[in-house]
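Shown next: run-v7.cif, given as mmCIF, C-alpha atoms.
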```
data_entry
#
loop_
_atom_site.label_atom_id
_atom_site.label_comp_id
_atom_site.auth_asym_id
_atom_site.auth_seq_id
_atom_site.Cartn_x
_atom_site.Cartn_y
_atom_site.Cartn_z
CA MET A 13 59.00 44.45 73.94
CA LYS A 14 62.23 44.42 72.00
CA LEU A 15 61.02 41.30 70.26
CA MET A 16 57.79 43.03 69.40
CA ALA A 17 59.66 45.83 67.68
CA THR A 18 61.71 43.34 65.71
CA ALA A 19 58.55 41.63 64.52
CA ALA A 20 57.02 44.89 63.36
CA ALA A 21 60.20 45.79 61.54
CA LEU A 22 60.28 42.41 59.82
CA VAL A 23 56.67 42.79 58.68
CA THR A 24 57.49 46.20 57.26
CA VAL A 25 60.46 44.76 55.38
CA ALA A 26 58.32 41.92 54.06
CA LEU A 27 55.66 44.29 52.80
CA ALA A 28 58.21 46.62 51.27
CA GLY A 29 60.06 43.72 49.57
CA CYS A 30 57.05 42.05 48.00
CA GLY A 31 54.18 44.48 47.91
CA SER A 32 54.48 48.23 48.06
CA ASN A 33 56.61 49.48 45.16
CA PRO A 34 56.33 52.90 43.52
CA PRO A 35 54.05 53.03 40.43
CA PRO A 36 56.02 51.96 37.24
CA VAL A 37 55.54 55.23 35.41
CA ALA A 38 58.54 54.93 33.07
CA GLU A 39 57.78 51.27 32.24
CA MET A 40 54.13 52.06 31.38
CA SER A 41 55.15 54.99 29.20
CA ALA A 42 57.76 52.95 27.31
CA ALA A 43 55.27 50.11 26.79
CA ARG A 44 52.64 52.49 25.36
CA THR A 45 55.19 54.02 22.99
CA LEU A 46 56.48 50.65 21.72
CA VAL A 47 52.99 49.17 21.26
CA GLY A 48 52.00 52.31 19.35
CA GLN A 49 55.04 52.02 17.11
CA ALA A 50 54.40 48.33 16.41
CA GLN A 51 50.77 48.99 15.56
CA SER A 52 51.36 50.65 12.17
CA GLU A 53 52.98 47.61 10.57
CA ALA A 54 52.11 44.70 12.83
CA THR A 55 48.34 45.21 12.39
CA LEU A 56 48.80 43.84 8.89
CA TYR A 57 51.91 41.64 9.14
CA ALA A 58 52.00 40.28 12.75
CA PRO A 59 48.51 40.71 14.24
CA ASP A 60 48.82 37.88 16.83
CA LEU A 61 52.03 39.23 18.33
CA LEU A 62 50.56 42.72 18.37
CA HIS A 63 47.45 41.49 20.23
CA ALA A 64 49.66 39.82 22.85
CA ALA A 65 51.49 43.10 23.45
CA GLN A 66 48.24 45.06 23.62
CA ALA A 67 46.71 42.57 26.08
CA LYS A 68 49.71 42.83 28.41
CA LEU A 69 49.65 46.62 28.26
CA ALA A 70 45.95 46.54 29.14
CA GLY A 71 46.68 44.11 32.01
CA ALA A 72 49.41 46.42 33.28
CA GLN A 73 46.95 49.33 33.33
CA ILE A 74 44.40 47.27 35.28
CA ALA A 75 47.07 46.20 37.81
CA LEU A 76 48.14 49.82 38.17
CA ASP A 77 44.56 50.93 38.74
CA ASN A 78 44.22 48.22 41.41
CA GLY A 79 47.33 49.50 43.17
CA ASP A 80 49.36 46.40 42.30
CA ASN A 81 52.43 48.29 41.19
CA GLU A 82 54.71 45.26 41.01
CA GLN A 83 52.33 43.33 38.75
CA ALA A 84 51.92 46.48 36.62
CA ARG A 85 55.68 46.79 36.24
CA LEU A 86 56.13 43.17 35.15
CA LEU A 87 53.29 43.34 32.65
CA ALA A 88 54.55 46.65 31.27
CA GLU A 89 57.98 45.10 30.73
CA LYS A 90 56.43 42.06 29.03
CA ALA A 91 54.32 44.37 26.85
CA GLN A 92 57.52 46.17 25.75
CA ALA A 93 59.24 42.89 24.86
CA ASP A 94 56.15 41.68 22.98
CA ALA A 95 55.82 44.98 21.08
CA ARG A 96 59.50 44.84 19.99
CA LEU A 97 59.02 41.31 18.73
CA ALA A 98 55.79 42.23 16.93
CA TRP A 99 57.48 45.13 15.18
CA ALA A 100 60.53 43.09 14.13
CA SER A 101 58.38 40.22 12.93
CA ALA A 102 56.20 42.60 10.91
CA GLU A 103 59.34 44.13 9.37
CA HIS A 104 60.49 40.64 8.43
CA GLN A 105 57.15 39.68 6.84
CA ARG A 106 56.81 42.99 5.02
CA THR A 107 60.32 42.63 3.57
CA LEU A 108 59.61 39.05 2.47
CA GLN A 109 56.52 40.32 0.69
CA ALA A 110 58.48 43.11 -1.00
CA VAL A 111 61.21 40.67 -2.11
CA ALA A 112 58.61 38.32 -3.58
CA ASP A 113 56.94 41.22 -5.41
CA LEU A 114 60.23 42.46 -6.80
CA ASP A 115 61.28 38.96 -7.86
CA LYS A 116 58.02 38.64 -9.75
CA SER A 117 58.47 41.97 -11.51
CA LEU A 118 62.10 41.00 -12.25
CA GLU A 119 60.92 37.80 -13.91
CA THR A 120 58.43 39.74 -16.01
CA LEU A 121 61.09 42.25 -16.92
CA LYS A 122 63.56 39.51 -17.94
CA GLN A 123 60.97 37.83 -20.14
CA GLU A 124 60.13 41.15 -21.74
CA ALA A 125 63.79 41.92 -22.36
CA ASN A 126 64.32 38.48 -23.92
CA ARG A 127 61.29 38.91 -26.15
CA ARG A 128 62.51 42.26 -27.37
CA SER A 129 66.05 41.12 -28.09
CA PRO A 130 66.58 39.60 -31.57
CA MET B 9 51.69 37.25 74.32
CA THR B 10 54.63 35.34 75.79
CA SER B 11 58.07 35.84 74.47
CA ALA B 12 58.14 32.20 73.29
CA ARG B 13 54.99 32.61 71.27
CA LEU B 14 56.21 35.88 69.88
CA SER B 15 59.43 34.19 68.90
CA LEU B 16 57.44 31.52 67.07
CA PHE B 17 55.42 34.18 65.28
CA VAL B 18 58.56 35.93 64.09
CA SER B 19 60.01 32.65 62.84
CA ALA B 20 56.81 31.89 60.92
CA LEU B 21 56.80 35.35 59.39
CA ALA B 22 60.42 34.97 58.34
CA ALA B 23 59.67 31.53 56.85
CA ALA B 24 56.71 32.91 54.96
CA PHE B 25 58.84 35.74 53.65
CA PHE B 26 61.58 33.49 52.37
CA ALA B 27 59.18 30.89 51.00
CA GLY B 28 57.28 33.55 49.08
CA CYS B 29 60.19 35.38 47.60
CA ALA B 30 63.30 33.29 47.70
CA THR B 31 63.01 29.72 46.44
CA THR B 32 63.40 28.91 42.76
CA SER B 33 61.03 26.19 41.62
CA GLU B 34 61.40 23.86 38.69
CA VAL B 35 59.08 26.06 36.63
CA ALA B 36 61.44 29.02 36.91
CA GLU B 37 64.39 26.74 36.21
CA GLN B 38 62.69 25.55 33.02
CA SER B 39 61.84 29.01 31.80
CA LEU B 40 65.46 30.01 32.30
CA GLN B 41 66.67 26.99 30.32
CA ASN B 42 64.21 27.88 27.59
CA ALA B 43 65.64 31.41 27.48
CA HIS B 44 69.18 30.02 27.15
CA ALA B 45 68.12 27.74 24.29
CA THR B 46 66.42 30.59 22.42
CA TYR B 47 69.44 32.83 22.88
CA GLN B 48 71.87 30.12 21.70
CA ALA B 49 69.78 29.54 18.59
CA ALA B 50 69.95 33.25 17.79
CA GLN B 51 73.67 33.31 18.53
CA GLY B 52 74.27 30.37 16.16
CA ASP B 53 72.40 32.05 13.30
CA PRO B 54 74.94 33.49 10.82
CA GLN B 55 72.42 36.08 9.68
CA VAL B 56 72.08 37.32 13.24
CA ARG B 57 75.85 37.68 13.50
CA THR B 58 75.88 39.60 10.21
CA PHE B 59 72.79 41.76 10.51
CA ALA B 60 72.02 42.22 14.24
CA PRO B 61 75.18 41.80 16.36
CA GLY B 62 74.35 44.80 18.60
CA GLU B 63 70.83 43.55 19.36
CA LEU B 64 72.24 40.07 20.09
CA ALA B 65 74.52 41.60 22.75
CA GLN B 66 71.52 43.36 24.33
CA ALA B 67 69.57 40.09 24.41
CA GLY B 68 72.60 38.49 26.04
CA ALA B 69 72.57 41.16 28.77
CA ILE B 70 68.86 40.50 29.45
CA LEU B 71 69.58 36.78 29.76
CA ALA B 72 72.54 37.46 32.08
CA ARG B 73 70.19 39.43 34.32
CA ALA B 74 67.86 36.40 34.50
CA ASP B 75 70.82 34.22 35.51
CA GLN B 76 71.78 36.76 38.15
CA LEU B 77 68.25 36.87 39.61
CA GLN B 78 68.31 33.09 39.91
CA ARG B 79 71.75 33.05 41.50
CA GLU B 80 70.67 35.63 44.04
CA GLY B 81 67.57 33.59 44.83
CA ARG B 82 65.19 36.41 43.95
CA GLY B 83 62.23 34.16 43.46
CA ASP B 84 60.27 32.22 40.93
CA GLU B 85 58.22 35.00 39.57
CA LEU B 86 61.11 37.36 38.86
CA VAL B 87 63.30 34.69 37.28
CA ALA B 88 60.43 33.47 35.11
CA HIS B 89 59.61 37.07 34.19
CA GLN B 90 63.18 37.94 33.25
CA SER B 91 63.46 34.65 31.32
CA TYR B 92 60.36 35.61 29.33
CA LEU B 93 61.95 38.97 28.48
CA ALA B 94 65.12 37.15 27.37
CA VAL B 95 63.15 34.77 25.12
CA GLN B 96 61.28 37.66 23.49
CA ALA B 97 64.51 39.63 23.02
CA ALA B 98 66.32 36.68 21.38
CA SER B 99 63.30 36.06 19.11
CA THR B 100 63.24 39.76 18.21
CA VAL B 101 66.94 39.59 17.28
CA ARG B 102 66.25 36.77 14.79
CA GLU B 103 63.29 38.54 13.22
CA LEU B 104 65.33 41.74 12.91
CA ALA B 105 68.22 39.89 11.28
CA LEU B 106 65.89 38.22 8.79
CA ALA B 107 64.22 41.56 8.01
CA ARG B 108 67.59 43.22 7.40
CA ALA B 109 68.79 40.28 5.29
CA GLY B 110 65.61 40.65 3.24
CA GLN B 111 66.23 44.37 2.85
CA ALA B 112 69.74 43.64 1.60
CA GLU B 113 68.26 41.15 -0.86
CA LEU B 114 65.75 43.79 -1.87
CA ALA B 115 68.51 46.29 -2.62
CA ASN B 116 70.32 43.60 -4.59
CA ALA B 117 67.20 42.77 -6.62
CA GLU B 118 66.65 46.47 -7.22
CA ALA B 119 70.19 46.74 -8.58
CA GLN B 120 69.55 43.70 -10.74
CA ARG B 121 66.37 45.29 -12.04
CA ASN B 122 68.23 48.47 -12.90
CA LYS B 123 70.90 46.41 -14.65
CA ILE B 124 68.29 44.62 -16.75
CA LEU B 125 66.72 47.94 -17.70
CA LEU B 126 70.13 49.38 -18.53
CA ASP B 127 71.07 46.28 -20.55
CA ALA B 128 67.80 46.51 -22.46
CA ARG B 129 68.45 50.16 -23.24
CA THR B 130 72.04 49.38 -24.27
CA ARG B 131 70.82 46.55 -26.47
CA GLU B 132 68.24 48.81 -28.07
CA ALA B 133 70.88 51.45 -28.73
CA GLU B 134 73.18 48.83 -30.26
CA GLN B 135 70.32 47.52 -32.35
CA ALA B 136 69.61 51.03 -33.58
CA ARG B 137 73.27 51.56 -34.36
CA ARG B 138 73.45 48.22 -36.18
CA GLU B 139 70.33 49.02 -38.17
CA ALA B 140 71.74 52.43 -39.07
CA GLY B 141 74.93 50.71 -40.21
CA GLN B 142 72.97 48.24 -42.28
CA ALA B 143 70.91 50.99 -43.83
CA ARG B 144 74.11 52.86 -44.67
CA ALA B 145 75.64 49.72 -46.17
CA GLN B 146 72.50 49.14 -48.20
CA ALA B 147 72.50 52.73 -49.36
CA ASP B 148 76.18 52.37 -50.31
CA ALA B 149 75.43 49.15 -52.17
CA ALA B 150 72.52 50.78 -53.95
CA HIS B 151 74.72 53.73 -54.78
CA ASN B 152 77.42 51.40 -56.12
CA ARG B 153 74.86 49.47 -58.15
CA ASP B 154 73.52 52.71 -59.60
CA ALA B 155 77.04 53.83 -60.41
CA ASP B 156 77.69 50.43 -62.00
CA ILE B 157 74.62 50.67 -64.15
CA ALA B 158 75.46 54.22 -65.14
CA LYS B 159 78.95 53.11 -66.18
CA LEU B 160 77.50 50.18 -68.14
CA GLN B 161 75.12 52.53 -69.89
CA ALA B 162 77.95 54.88 -70.83
CA GLU B 163 79.97 52.00 -72.19
CA LEU B 164 77.05 50.58 -74.12
CA GLU B 165 76.34 54.00 -75.55
CA SER B 166 79.94 54.06 -76.74
CA VAL B 167 79.25 50.94 -78.82
CA LYS B 168 76.15 52.61 -80.23
CA ALA B 169 73.79 50.55 -78.12
CA GLN B 170 70.17 51.58 -78.07
CA HIS B 171 68.18 51.62 -74.89
CA THR B 172 64.92 49.67 -75.12
CA ASN B 173 62.51 48.29 -72.60
CA ARG B 174 64.36 44.94 -72.83
CA GLY B 175 67.76 46.47 -72.12
CA TRP B 176 70.56 47.88 -74.24
CA VAL B 177 70.46 46.59 -77.82
CA VAL B 178 73.66 46.47 -79.88
CA THR B 179 72.97 45.76 -83.52
CA LEU B 180 75.85 44.36 -85.56
CA PRO B 181 75.48 43.89 -89.33
CA SER B 182 75.99 40.23 -90.30
CA SER B 183 78.42 41.27 -92.98
CA LEU B 184 80.74 42.57 -90.25
CA LEU B 185 80.82 39.21 -88.50
CA PHE B 186 80.27 36.55 -91.15
CA ASP B 187 80.84 35.78 -94.81
CA THR B 188 77.72 35.18 -96.87
CA ALA B 189 75.89 31.98 -95.90
CA ASP B 190 78.59 31.16 -93.36
CA SER B 191 78.39 30.95 -89.58
CA THR B 192 82.11 31.18 -88.81
CA LEU B 193 83.15 34.47 -87.22
CA LYS B 194 85.54 36.67 -89.17
CA PRO B 195 88.59 37.97 -87.26
CA GLY B 196 87.38 41.55 -87.65
CA GLY B 197 84.01 40.72 -86.14
CA ARG B 198 85.65 39.19 -83.10
CA GLN B 199 87.03 42.61 -82.11
CA ASP B 200 83.57 44.11 -81.77
CA LEU B 201 82.48 41.14 -79.68
CA ASP B 202 85.57 41.44 -77.48
CA HIS B 203 84.43 44.93 -76.66
CA ILE B 204 81.01 43.66 -75.56
CA ALA B 205 82.67 40.79 -73.63
CA ARG B 206 84.83 43.26 -71.69
CA VAL B 207 81.75 45.24 -70.70
CA MET B 208 80.11 41.97 -69.60
CA ARG B 209 83.13 40.96 -67.54
CA GLU B 210 83.15 44.29 -65.78
CA HIS B 211 79.48 43.97 -64.92
CA PRO B 212 78.96 40.46 -63.58
CA GLU B 213 75.28 41.18 -62.91
CA ALA B 214 74.50 41.85 -66.56
CA THR B 215 73.10 39.20 -68.91
CA VAL B 216 73.10 39.16 -72.68
CA ALA B 217 70.69 37.68 -75.22
CA VAL B 218 72.23 36.97 -78.64
CA GLU B 219 69.67 37.07 -81.43
CA GLY B 220 70.35 36.15 -85.07
CA TYR B 221 68.26 37.57 -87.95
CA THR B 222 68.31 37.21 -91.76
CA ASP B 223 66.55 38.77 -94.74
CA ASN B 224 63.80 36.92 -96.52
CA GLN B 225 65.99 35.44 -99.27
CA GLY B 226 66.09 31.64 -99.22
CA SER B 227 63.81 29.25 -97.39
CA PHE B 228 62.33 30.08 -94.04
CA ALA B 229 63.87 26.97 -92.41
CA TYR B 230 67.32 27.66 -93.85
CA ASN B 231 67.26 31.26 -92.62
CA ARG B 232 66.13 30.09 -89.24
CA MET B 233 68.98 27.58 -89.05
CA LEU B 234 71.59 30.03 -90.30
CA SER B 235 70.53 32.73 -87.84
CA GLU B 236 70.61 30.18 -85.01
CA GLN B 237 74.10 28.99 -85.92
CA ARG B 238 75.35 32.58 -86.14
CA ALA B 239 73.88 33.42 -82.74
CA MET B 240 75.58 30.31 -81.30
CA ALA B 241 78.88 31.37 -82.88
CA VAL B 242 78.59 34.77 -81.20
CA LYS B 243 77.80 33.08 -77.88
CA GLN B 244 80.88 30.88 -78.28
CA ALA B 245 83.03 33.95 -78.99
CA LEU B 246 81.72 35.72 -75.88
CA MET B 247 82.39 32.60 -73.79
CA GLN B 248 85.92 32.40 -75.15
CA ALA B 249 86.34 36.04 -74.17
CA GLY B 250 85.54 35.13 -70.56
CA VAL B 251 81.77 35.55 -70.18
CA ASP B 252 80.09 32.73 -68.29
CA ALA B 253 77.74 30.64 -70.44
CA SER B 254 74.96 30.99 -67.90
CA ARG B 255 74.80 34.70 -68.66
CA ILE B 256 74.34 34.25 -72.39
CA THR B 257 71.30 33.04 -74.32
CA ALA B 258 71.49 32.53 -78.09
CA ARG B 259 68.59 32.19 -80.51
CA GLY B 260 67.94 32.43 -84.23
CA TYR B 261 64.79 34.13 -85.50
CA GLY B 262 65.48 33.75 -89.24
CA GLU B 263 63.62 36.30 -91.32
CA GLY B 264 61.30 37.18 -88.52
CA TYR B 265 61.07 40.65 -87.00
CA PRO B 266 62.60 42.62 -89.87
CA ILE B 267 63.71 46.13 -88.99
CA ALA B 268 63.60 47.36 -92.60
CA SER B 269 61.94 46.47 -95.92
CA ASN B 270 63.09 43.30 -97.65
CA ASP B 271 62.05 44.82 -100.98
CA ASN B 272 65.36 46.51 -101.69
CA PRO B 273 69.05 45.63 -101.13
CA GLU B 274 69.60 48.37 -98.52
CA GLY B 275 66.68 47.12 -96.43
CA ARG B 276 67.79 43.51 -96.73
CA GLN B 277 71.31 44.55 -95.67
CA LEU B 278 69.86 46.07 -92.48
CA ASN B 279 67.76 43.00 -91.76
CA ARG B 280 70.80 40.72 -91.93
CA ARG B 281 72.06 41.33 -88.41
CA VAL B 282 72.97 40.00 -84.99
CA GLN B 283 71.54 41.80 -82.01
CA LEU B 284 72.96 41.62 -78.51
CA VAL B 285 70.47 42.61 -75.83
CA VAL B 286 72.33 43.52 -72.65
CA ALA B 287 70.27 43.70 -69.48
CA PRO B 288 71.99 45.32 -66.45
CA GLN B 289 70.50 42.68 -64.18
CA GLU B 290 69.33 39.15 -64.80
CA ARG B 291 65.71 39.16 -65.85
CA SER B 292 63.47 36.39 -64.72
CA SER B 293 62.13 36.13 -68.28
CA ALA B 294 65.64 35.72 -69.78
CA THR B 295 65.58 31.98 -69.28
CA GLY B 296 65.15 30.83 -72.86
CA GLY B 297 62.65 30.92 -75.72
CA SER B 298 60.20 33.17 -73.93
CA THR B 299 62.43 36.18 -74.53
CA ALA B 300 60.65 38.30 -77.07
CA PRO B 301 62.79 40.18 -79.53
CA PRO B 302 62.15 43.87 -80.14
CA ARG B 303 59.45 44.68 -82.61
#
```
Is it possible to express this structure as structure tokens?
Amino acid sequence: MKLMATAAALVTVALAGCGSNPPPVAEMSAARTLVGQAQSEATLYAPDLLHAAQAKLAGAQIALDNGDNEQARLLAEKAQADARLAWASAEHQRTLQAVADLDKSLETLKQEANRRSP
Amino acid sequence: MTSARLSLFVSALAAAFFAGCATTSEVAEQSLQNAHATYQAAQGDPQVRTFAPGELAQAGAILARADQLQREGRGDELVAHQSYLAVQAASTVRELALARAGQAELANAEAQRNKILLDARTREAEQARREAGQARAQADAAHNRDADIAKLQAELESVKAQHTNRGWVVTLPSSLLFDTADSTLKPGGRQDLDHIARVMREHPEATVAVEGYTDNQGSFAYNRMLSEQRAMAVKQALMQAGVDASRITARGYGEGYPIASNDNPEGRQLNRRVQLVVAPQERSSATGGSTAPPR
């Protein structure tokens, strides 16, 4: 009977270690916030990376709804990482665009200044 | 259930537990190596070191956690998961650094743009100042020229010059300059010409036309020749007094263009004359025979 108790305890440990975690409330909330922040710029400048983040956030929600808290936590963390990358990449692309625009206007300005000077 | 069978069951359960959660497969190993490579690339980027050192340290901490999970044998899935987070973090660091480098470039270009605008404005201001200076210099020059001409006029008036549309005309009786039928200047006549020469020297812009005239006594050709020779003699005298030859034209008109009647001695006396026409500035028409004498 002692052995029986040990077996039950081991099963409990196994289930606790791999299966029954608390719902990842903080991770889900952070993922939603970061994806929302990335959206404003990444929609235009890094749409693929943004879609990856959104898909993982959606997957996390499905896992959560199915009671798979561990899977939900991992996907929420991945969604956060993807959203950060999408935002940074969009910032990079937007800045490149702005630099190119300014360079062009600089060139025009220089030509104009040279034309005006005697 | 015998205790042996139970024991077997427990062993199987334990094996299942450790197999499921504890071994690290090659896939996890690879994802961890990939994370290290991505992080090292970010770390080796000078722009990352300049523009995102704090974020690089955070990415390093995420990677260290992946290493720790592997060391502790926490399982494939967790190691692969943490490795994925490390890859994304290192990639984010590079994008951030490039974005910030671009923003620095943007600020620099903005400053350059402002400098160009400022330079253009400065240049325009200088141009305006230069133009104002030129206008002032031109006004001064015009003023000086006017003053010059006014002075010339006063001096010509002092030698009883008459103002005509051709310039200032000084009429000298031939008897003052020459003996009858001669074209050699008398010493007394030279003094009057010296006076004109001085005026000419003081006004380098002025030109003078020397015109010889006679009365109608004698042949037309002789009078023409005599008046020409006398005009040349006056030109020579002016040249000797320091007036450049290019500023002097000399011509004889003989008995042409009388200014009085040739029917009486007084009139003929007036007609025998040399006229000097002084123009304040060189006239385009003063280049030779086209110069028309006063009527």
Report task. Dig up all the protein and nucleic acid residues within 12 Å of (55.5, 51.0, 40.3) in the file frame, using all atoms listed in the file, and format them as a PyMOL selection string. Result -> chain A and resi 30-41+72-73+75-89
Requested in this report: Using atom CA of Asp223 of chain B and atom CA of Gln170 of chain B as the two end points, give the distance in Å to one decimal.
Outcome: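 Distance between the two atoms: 21.3 Å.
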Taking all atoms listed in the file into account, produce a table as JSON lines in which each residue of chain A with an atom at most 6 Å from an atom of chain B appears once, together with its shortest atom pair and the distance in Å to one decimal, ordered by chain and rising number.
```
{"residue": "A:Ala19", "atom": "CA", "partner": "B:Val18", "partner_atom": "CA", "distance": 5.7}
{"residue": "A:Ala93", "atom": "CA", "partner": "B:Gln96", "partner_atom": "CA", "distance": 5.8}
{"residue": "A:Leu97", "atom": "CA", "partner": "B:Thr100", "partner_atom": "CA", "distance": 4.5}
{"residue": "A:Ala100", "atom": "CA", "partner": "B:Leu104", "partner_atom": "CA", "distance": 5.1}
{"residue": "A:Ser101", "atom": "CA", "partner": "B:Glu103", "partner_atom": "CA", "distance": 5.2}
{"residue": "A:Glu103", "atom": "CA", "partner": "B:Ala107", "partner_atom": "CA", "distance": 5.7}
{"residue": "A:His104", "atom": "CA", "partner": "B:Ala107", "partner_atom": "CA", "distance": 3.9}
{"residue": "A:Thr107", "atom": "CA", "partner": "B:Gly110", "partner_atom": "CA", "distance": 5.7}
{"residue": "A:Val111", "atom": "CA", "partner": "B:Leu114", "partner_atom": "CA", "distance": 5.5}
```
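Residues surrounding segment 144-153 of chain B within 10 Å are Arg138, Glu139, Ala140, Ile157, Ala158, Lys159, His211, Glu213 and Pro288 of chain B [all atoms listed in the file; sequence separation below 4 positions excluded].
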Requested in this report: Name the residues that the PyMOL selection byres ((chain B and resi 164) around 12) picks from the file above, as a ChimeraX atom specification, using the file's chain letters and numbers.
Outcome: /B:157-163,165-171,175-179,200,203-208,211,214,284-288
Report summary line: Students should find that atom CA of Glu124 of chain A and atom CA of Ala143 of chain B are spaced 26.5 Å
Please write out, as lines of an AutoDock Vina configuration file, where the centre of an axis-aligned box around all listed atoms of segment 227-245 of chain B lies and how long its edges are, in Å to one decimal, after adding 8 Å on each side.
```
center_x = 72.7
center_y = 30.9
center_z = -87.6
size_x = 36.7
size_y = 23.8
size_z = 35.5
```
Query raised in the report: Can you list, as a ChimeraX atom specification, every protein, DNA or RNA residue that comes within 9 Å of His44 of chain B when you count all atoms listed in the file, leaving out same-chain residues fewer than 4 positions away?
Result: /B:39-40,48-49,71,91,94-95
Kindly save the residues from that selection, with C-alpha atoms included, as a compact mmCIF listing (two decimals), keeping the file's coordinate frame.
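The resulting out.txt:
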```
# COMPACT_ATOMS: atom_id res chain seq x y z
CA SER B 39 61.84 29.01 31.80
CA LEU B 40 65.46 30.01 32.30
CA GLN B 48 71.87 30.12 21.70
CA ALA B 49 69.78 29.54 18.59
CA LEU B 71 69.58 36.78 29.76
CA SER B 91 63.46 34.65 31.32
CA ALA B 94 65.12 37.15 27.37
CA VAL B 95 63.15 34.77 25.12
```
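When the PyMOL selection byres ((chain A and resi 52) around 12) is evaluated against the file, it yields Thr45, Leu46, Val47, Gly48, Gln49, Ala50, Gln51, Glu53, Ala54, Thr55, Leu56, Tyr57, Ala58, Pro59, Leu62, Ala95, Ala98, Trp99, Ala102, Glu103 and Arg106 of chain A.
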Query - Interatomic distance, atom CA of Asp156 of chain B to atom CA of Thr172 of chain B (Å, one decimal) - result: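 Answer for the atom CA of Asp156 of chain B to atom CA of Thr172 of chain B separation: 18.3 Å.
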Report task. Rank nothing, just name the residue among B:Leu64, B:Ala36, B:Val216, B:Ala45 nearest to Gly83 of chain B, using all atoms listed in the file. Result ->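 Nearest to Gly83 of chain B: B:Ala36.
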Query raised in the report: Which residues come within 8 Å of Ala91 of chain A, counting all atoms listed in the file, excluding same-chain residues fewer than 6 positions away, as JSON, numbers by chain?
Result: {"A": [43, 47, 64, 65, 66, 67, 68, 69]}
Report summary line: Counting only C-alpha atoms, closest pick from B:Arg232, B:Arg209, B:Arg79, B:Arg73 relative to Met247 of chain B is B:Arg209
Requested in this report: Could you give me, as a PyMOL selection string, the residues within 9 Å of Gln38 of chain B, counting all atoms listed in the file and dropping anything in the same chain fewer than 5 positions from it?
Outcome: chain B and resi 33+43+88
